[in-house]
Amino acid sequence: MSKHFAAVVRGSGPGLLLAHGGGGGVEGNFGGILDELARTRTVVGPDYPGSGATPRSTVPLVLDEVADELVATAAAAGVERFAILGYSLGTAVAVRAATRHPSRVTGLVLTSGFARMDNRMRLAVDVWKSLLGGDRELLARYLMLAGTGVKHLATLTPDELETAVKELAAFVPEGSPEQVALVESVDTRAELAGIAVPTLVIATSLDGLASPTLSRELADGIPGAKLVEIEAGHNIGVEARDEWLAAIGPFLAEVA
């Protein structure tokens with residue numbers, strides 16, 4: 001694993017560390033809200049191994065190590081204390097970072113997340129893994145089907161759908177196999193009760209990949225956590241960008 005992850009650093013103000021999803025990246029998962037977040041905060045967005053400019057790992061990824069490197073990347077950028085905005089797999093990275101580095105973490109925003117996979121997600125990830133070594137366009141079609149909310153899908157013309165599939169196929173990061181294997185390994189349930197910072201859990205209510213039930217489990221497990229549900233599929237940054245920002249902004253202002 002690299003010494004520090006390659007990272008986007010933008011803005012000024014209180015620290016905000018981003019933790020992206022498996023098979024994702026900072027630009028892919030947070031690109032639509034980065035500029036807005038950086039208007040009032042110093043945003044550090046590291047890419048996991050095999051995403052963005054971070055070299056692919058030659059060994060399996062371990063949640064403790066990914067969380068530690070995420071925190072180290074923020075410190076290397078001069079941001080010593082920060083809230084963490086985690087998305088999908090990034091919610092588990094964020095929880096583990098708060099568990100292992102409690103003096104640095106000021107708050108958590110956990111979007112489309114999970115403390116462990118349920119059977120629906122396990123089946124989805126099994127198919128995702130099996131498609132990674134083959135036709136990228138077929139993989140993209142599957143991920144669109146699993147991850148996009150039915151309401152958003154219904155708004156797309158056939159041409160727009162084909163364009164979205166091709167764009168997603170071109171985006172699949174080189175490090176997806178290791179990152180998806182890390183998704184499979186997640187189980188943070190035992191540490192949720194020990195999270196002592198303000199936490200906002202954002203459930204995506206039309207999510208076919210990480211069910212809103214899993215977000216509710218996160219919120220129920222973390223003392224004092226606030227739960228907000230947004231009508232979107234897993235791809236909240238595209239489907240409900242403004243609603244996502246509207247939930248994140250006031251919470252981060254309170255934490256800061």
# chains A, B, ... in the order shown; residues from 1 in each chain; ligands from 1
$ residues_around --residues "segment 160-165 of chain A" --least-positions-apart "2" --cutoff "8 Å" --atoms "only C-alpha atoms" --output "MDAnalysis selection string"
chainID A and resid 137 140:141 144 153 156:158 167:169
$ closest_atom_pairs --of "segment 66-149 of chain A" --to "segment 20-28 of chain A" --cutoff "9 Å" --atoms "only C-alpha atoms" --output "JSON lines"
{"residue": "A:Leu85", "atom": "CA", "partner": "A:His20", "partner_atom": "CA", "distance": 8.4}
{"residue": "A:Gly86", "atom": "CA", "partner": "A:His20", "partner_atom": "CA", "distance": 6.1}
{"residue": "A:Tyr87", "atom": "CA", "partner": "A:His20", "partner_atom": "CA", "distance": 5.3}
{"residue": "A:Ser88", "atom": "CA", "partner": "A:Gly21", "partner_atom": "CA", "distance": 4.9}
{"residue": "A:Leu89", "atom": "CA", "partner": "A:Gly21", "partner_atom": "CA", "distance": 4.6}
{"residue": "A:Gly90", "atom": "CA", "partner": "A:His20", "partner_atom": "CA", "distance": 4.8}
{"residue": "A:Thr91", "atom": "CA", "partner": "A:Gly21", "partner_atom": "CA", "distance": 8.2}
{"residue": "A:Val93", "atom": "CA", "partner": "A:His20", "partner_atom": "CA", "distance": 8.7}
$ write_last_selection --atoms "all heavy atoms" --output "compact mmCIF listing (two decimals), in the first residue's frame"
# COMPACT_ATOMS: atom_id res chain seq x y z
N LEU A 85 -16.95 12.42 5.73
CA LEU A 85 -18.11 12.11 4.92
C LEU A 85 -17.83 10.80 4.19
O LEU A 85 -17.00 10.74 3.29
CB LEU A 85 -18.37 13.24 3.91
CG LEU A 85 -19.40 12.99 2.80
CD1 LEU A 85 -20.75 12.59 3.37
CD2 LEU A 85 -19.53 14.22 1.90
N GLY A 86 -18.50 9.74 4.62
CA GLY A 86 -18.30 8.43 4.02
C GLY A 86 -19.47 8.05 3.15
O GLY A 86 -20.63 8.34 3.49
N TYR A 87 -19.16 7.42 2.03
CA TYR A 87 -20.20 6.98 1.09
C TYR A 87 -20.01 5.49 0.82
O TYR A 87 -18.90 5.05 0.50
CB TYR A 87 -20.10 7.78 -0.22
CG TYR A 87 -20.88 7.18 -1.37
CD1 TYR A 87 -22.27 7.28 -1.41
CD2 TYR A 87 -20.24 6.50 -2.39
CE1 TYR A 87 -22.99 6.72 -2.45
CE2 TYR A 87 -20.96 5.93 -3.44
CZ TYR A 87 -22.33 6.04 -3.47
OH TYR A 87 -23.04 5.48 -4.48
N SER A 88 -21.07 4.69 0.98
CA SER A 88 -21.05 3.26 0.70
C SER A 88 -19.94 2.57 1.52
O SER A 88 -19.96 2.65 2.75
CB SER A 88 -20.90 3.03 -0.81
OG SER A 88 -21.17 1.70 -1.16
N LEU A 89 -18.98 1.90 0.89
CA LEU A 89 -17.86 1.32 1.63
C LEU A 89 -17.19 2.36 2.52
O LEU A 89 -16.71 2.05 3.62
CB LEU A 89 -16.83 0.74 0.66
CG LEU A 89 -15.46 0.34 1.24
CD1 LEU A 89 -15.60 -0.79 2.26
CD2 LEU A 89 -14.49 -0.03 0.14
N GLY A 90 -17.19 3.61 2.07
CA GLY A 90 -16.57 4.68 2.86
C GLY A 90 -17.20 4.90 4.21
O GLY A 90 -16.57 5.47 5.11
N THR A 91 -18.45 4.44 4.41
CA THR A 91 -19.04 4.56 5.75
C THR A 91 -18.33 3.63 6.73
O THR A 91 -18.13 4.00 7.89
CB THR A 91 -20.55 4.25 5.74
OG1 THR A 91 -20.78 2.90 5.33
CG2 THR A 91 -21.29 5.20 4.79
N VAL A 93 -15.16 2.64 6.36
CA VAL A 93 -13.84 3.25 6.54
C VAL A 93 -13.94 4.39 7.55
O VAL A 93 -13.07 4.53 8.44
CB VAL A 93 -13.30 3.77 5.18
CG1 VAL A 93 -11.96 4.47 5.38
CG2 VAL A 93 -13.15 2.62 4.18
$ closest_atom_pairs --of "segment 54-156 of chain A" --to "segment 212-219 of chain A" --cutoff "7 Å" --atoms "only C-alpha atoms" --output "Markdown table"
| residue | atom | partner | partner_atom | distance |
| --- | --- | --- | --- | --- |
| A:Ser112 | CA | A:Ser215 | CA | 6.5 |
| A:Gly113 | CA | A:Ser215 | CA | 5.5 |
| A:Phe114 | CA | A:Leu214 | CA | 5.0 |
| A:Ala115 | CA | A:Leu218 | CA | 6.1 |
$ write_last_selection --atoms "C-alpha atoms" --output "compact mmCIF listing (two decimals), in the first residue's frame"
# COMPACT_ATOMS: atom_id res chain seq x y z
CA SER A 112 -25.74 4.79 1.58
CA GLY A 113 -23.83 2.78 4.12
CA PHE A 114 -23.68 -0.50 5.97
CA ALA A 115 -22.05 -2.04 9.03
$ atom_distance --atom1 "atom CA of Thr106 of chain A" --atom2 "atom CA of Ser57 of chain A"
29.3 Å
$ select_by_dssp --residues "segment 23-179 of chain A" --states "alpha helix (DSSP H)" --output "number ranges by chain"
A: 26-30, 34-38, 63-76, 89-100, 119-131, 136-147, 150-155, 158-171, 176-179
$ residues_around --residues "Gly50 of chain A" --least-positions-apart "6" --cutoff "12 Å" --atoms "only C-alpha atoms" --output "list in words"
Met1, Ser2, Phe5, Ala6, Gly22, Gly23, Gly24, Gly25, Val26, Arg56, Ser57, Thr58, Val59, Pro60, Leu61, Phe171, Val172, Pro173, Glu174, Gly175, Ser176, Pro177, Glu178, Gln179 and Val180 of chain A
$ residues_around --residues "Arg10 of chain A" --least-positions-apart "6" --cutoff "6 Å" --atoms "only C-alpha atoms" --output "PyMOL selection string"
chain A and resi 38+42-43
$ closest_atom_pairs --of "segment 107-224 of chain A" --to "segment 248-251 of chain A" --cutoff "12 Å" --atoms "only C-alpha atoms" --output "CSV"
residue,atom,partner,partner_atom,distance
A:Gly107,CA,A:Phe251,CA,9.0
A:Leu108,CA,A:Phe251,CA,9.4
A:Val109,CA,A:Ile248,CA,7.2
A:Leu110,CA,A:Ile248,CA,9.8
A:Thr111,CA,A:Ile248,CA,9.7
A:Pro198,CA,A:Phe251,CA,8.8
A:Thr199,CA,A:Phe251,CA,8.6
A:Leu200,CA,A:Phe251,CA,7.3
A:Val201,CA,A:Ile248,CA,9.8
A:Ile202,CA,A:Ile248,CA,8.8
$ write_last_selection --atoms "all heavy atoms" --output "tab-separated table (two decimals), in the first residue's frame"
chain	number	residue	atom	x	y	z
A	107	GLY	N	-16.79	14.41	13.66
A	107	GLY	CA	-18.17	14.03	13.32
A	107	GLY	C	-18.16	13.10	12.12
A	107	GLY	O	-17.16	12.98	11.41
A	108	LEU	N	-19.28	12.41	11.91
A	108	LEU	CA	-19.42	11.46	10.81
A	108	LEU	C	-20.70	11.73	10.04
A	108	LEU	O	-21.76	11.95	10.63
A	108	LEU	CB	-19.46	10.02	11.33
A	108	LEU	CG	-18.24	9.48	12.08
A	108	LEU	CD1	-18.54	8.07	12.61
A	108	LEU	CD2	-17.01	9.46	11.18
A	109	VAL	N	-20.60	11.68	8.71
A	109	VAL	CA	-21.77	11.65	7.84
A	109	VAL	C	-21.67	10.36	7.03
A	109	VAL	O	-20.73	10.18	6.26
A	109	VAL	CB	-21.83	12.87	6.89
A	109	VAL	CG1	-23.09	12.77	6.02
A	109	VAL	CG2	-21.82	14.17	7.66
A	110	LEU	N	-22.61	9.47	7.22
A	110	LEU	CA	-22.55	8.13	6.64
A	110	LEU	C	-23.69	7.97	5.64
A	110	LEU	O	-24.85	7.88	6.02
A	110	LEU	CB	-22.64	7.07	7.75
A	110	LEU	CG	-21.65	7.26	8.92
A	110	LEU	CD1	-21.91	6.19	9.99
A	110	LEU	CD2	-20.21	7.22	8.44
A	111	THR	N	-23.36	7.93	4.35
A	111	THR	CA	-24.35	7.94	3.27
A	111	THR	C	-24.37	6.60	2.53
A	111	THR	O	-23.32	6.07	2.16
A	111	THR	CB	-24.03	9.05	2.25
A	111	THR	OG1	-23.97	10.31	2.93
A	111	THR	CG2	-25.08	9.11	1.17
A	198	PRO	N	-20.74	13.33	17.02
A	198	PRO	CA	-22.03	13.51	16.34
A	198	PRO	C	-22.03	12.78	15.00
A	198	PRO	O	-21.05	12.84	14.26
A	198	PRO	CB	-22.11	15.03	16.15
A	198	PRO	CG	-21.22	15.60	17.21
A	198	PRO	CD	-20.10	14.62	17.38
A	199	THR	N	-23.14	12.10	14.71
A	199	THR	CA	-23.21	11.29	13.49
A	199	THR	C	-24.54	11.51	12.79
A	199	THR	O	-25.60	11.49	13.42
A	199	THR	CB	-23.05	9.79	13.83
A	199	THR	OG1	-21.78	9.59	14.46
A	199	THR	CG2	-23.13	8.94	12.57
A	200	LEU	N	-24.45	11.73	11.48
A	200	LEU	CA	-25.63	11.81	10.62
A	200	LEU	C	-25.58	10.63	9.66
A	200	LEU	O	-24.60	10.44	8.95
A	200	LEU	CB	-25.62	13.12	9.82
A	200	LEU	CG	-26.69	13.26	8.73
A	200	LEU	CD1	-28.09	13.30	9.34
A	200	LEU	CD2	-26.44	14.51	7.88
A	201	VAL	N	-26.63	9.83	9.66
A	201	VAL	CA	-26.75	8.71	8.73
A	201	VAL	C	-27.77	9.08	7.66
A	201	VAL	O	-28.90	9.48	7.98
A	201	VAL	CB	-27.18	7.42	9.46
A	201	VAL	CG1	-27.36	6.27	8.46
A	201	VAL	CG2	-26.15	7.04	10.52
A	202	ILE	N	-27.36	8.98	6.40
A	202	ILE	CA	-28.25	9.31	5.28
A	202	ILE	C	-28.57	8.03	4.52
A	202	ILE	O	-27.69	7.43	3.90
A	202	ILE	CB	-27.61	10.35	4.35
A	202	ILE	CG1	-27.30	11.63	5.13
A	202	ILE	CG2	-28.53	10.65	3.16
A	202	ILE	CD1	-26.55	12.68	4.32
$ select_by_dssp --residues "segment 58-238 of chain A" --states "strand (DSSP E or B)" --output "ChimeraX atom specification"
/A:82-87,105-111,116,187,199-204,226-230
$ closest_atom_pairs --of "segment 86-154 of chain A" --to "segment 65-73 of chain A" --cutoff "9 Å" --atoms "only C-alpha atoms" --output "tab-separated table"
residue	atom	partner	partner_atom	distance
A:Ala92	CA	A:Ala67	CA	8.8
A:Val93	CA	A:Ala67	CA	5.2
A:Ala94	CA	A:Ala67	CA	7.0
A:Val95	CA	A:Ala67	CA	8.6
A:Arg96	CA	A:Ala67	CA	6.1
A:Ala97	CA	A:Ala67	CA	4.9
A:Ala98	CA	A:Ala67	CA	8.7
A:Arg100	CA	A:Asp68	CA	7.8
A:His101	CA	A:Val71	CA	7.9
A:Arg104	CA	A:Val71	CA	8.3
$ closest_residue --among "A:Leu139, A:Ala146, A:Ala74, A:Val62" --to "Ala210 of chain A" --atoms "only C-alpha atoms"
A:Ala146
$ residues_around --residues "segment 226-238 of chain A" --least-positions-apart "5" --cutoff "6 Å" --atoms "only C-alpha atoms" --output "ChimeraX atom specification"
/A:147-149,200-207
$ write_last_selection --atoms "N, CA, C and O atoms" --output "short mmCIF file (atom, residue, chain, number, x, y, z; two decimals), in the first residue's frame"
data_model
loop_
_atom_site.label_atom_id
_atom_site.label_comp_id
_atom_site.auth_asym_id
_atom_site.auth_seq_id
_atom_site.Cartn_x
_atom_site.Cartn_y
_atom_site.Cartn_z
N GLY A 147 -27.79 -0.20 -8.80
CA GLY A 147 -27.48 0.99 -8.02
C GLY A 147 -28.32 2.21 -8.31
O GLY A 147 -28.26 3.18 -7.54
N THR A 148 -29.09 2.20 -9.38
CA THR A 148 -29.86 3.39 -9.75
C THR A 148 -31.30 3.25 -9.28
O THR A 148 -31.92 2.20 -9.46
N GLY A 149 -31.82 4.31 -8.70
CA GLY A 149 -33.21 4.30 -8.24
C GLY A 149 -34.18 4.22 -9.41
O GLY A 149 -33.93 4.77 -10.49
N LEU A 200 -24.45 11.73 11.48
CA LEU A 200 -25.63 11.81 10.62
C LEU A 200 -25.58 10.63 9.66
O LEU A 200 -24.60 10.44 8.95
N VAL A 201 -26.63 9.83 9.66
CA VAL A 201 -26.75 8.71 8.73
C VAL A 201 -27.77 9.08 7.66
O VAL A 201 -28.90 9.48 7.98
N ILE A 202 -27.36 8.98 6.40
CA ILE A 202 -28.25 9.31 5.28
C ILE A 202 -28.57 8.03 4.52
O ILE A 202 -27.69 7.43 3.90
N ALA A 203 -29.82 7.60 4.60
CA ALA A 203 -30.27 6.40 3.91
C ALA A 203 -30.81 6.77 2.54
O ALA A 203 -31.55 7.75 2.39
N THR A 204 -30.43 6.00 1.52
CA THR A 204 -30.98 6.18 0.18
C THR A 204 -32.13 5.18 0.03
O THR A 204 -31.91 3.97 -0.06
N SER A 205 -33.35 5.71 0.02
CA SER A 205 -34.52 4.86 0.23
C SER A 205 -34.86 3.97 -0.97
O SER A 205 -35.63 3.02 -0.83
N LEU A 206 -34.30 4.26 -2.16
CA LEU A 206 -34.57 3.44 -3.35
C LEU A 206 -33.35 2.61 -3.74
O LEU A 206 -33.23 2.17 -4.87
N ASP A 207 -32.46 2.40 -2.79
CA ASP A 207 -31.16 1.76 -3.04
C ASP A 207 -31.31 0.25 -3.17
O ASP A 207 -31.76 -0.42 -2.25
#
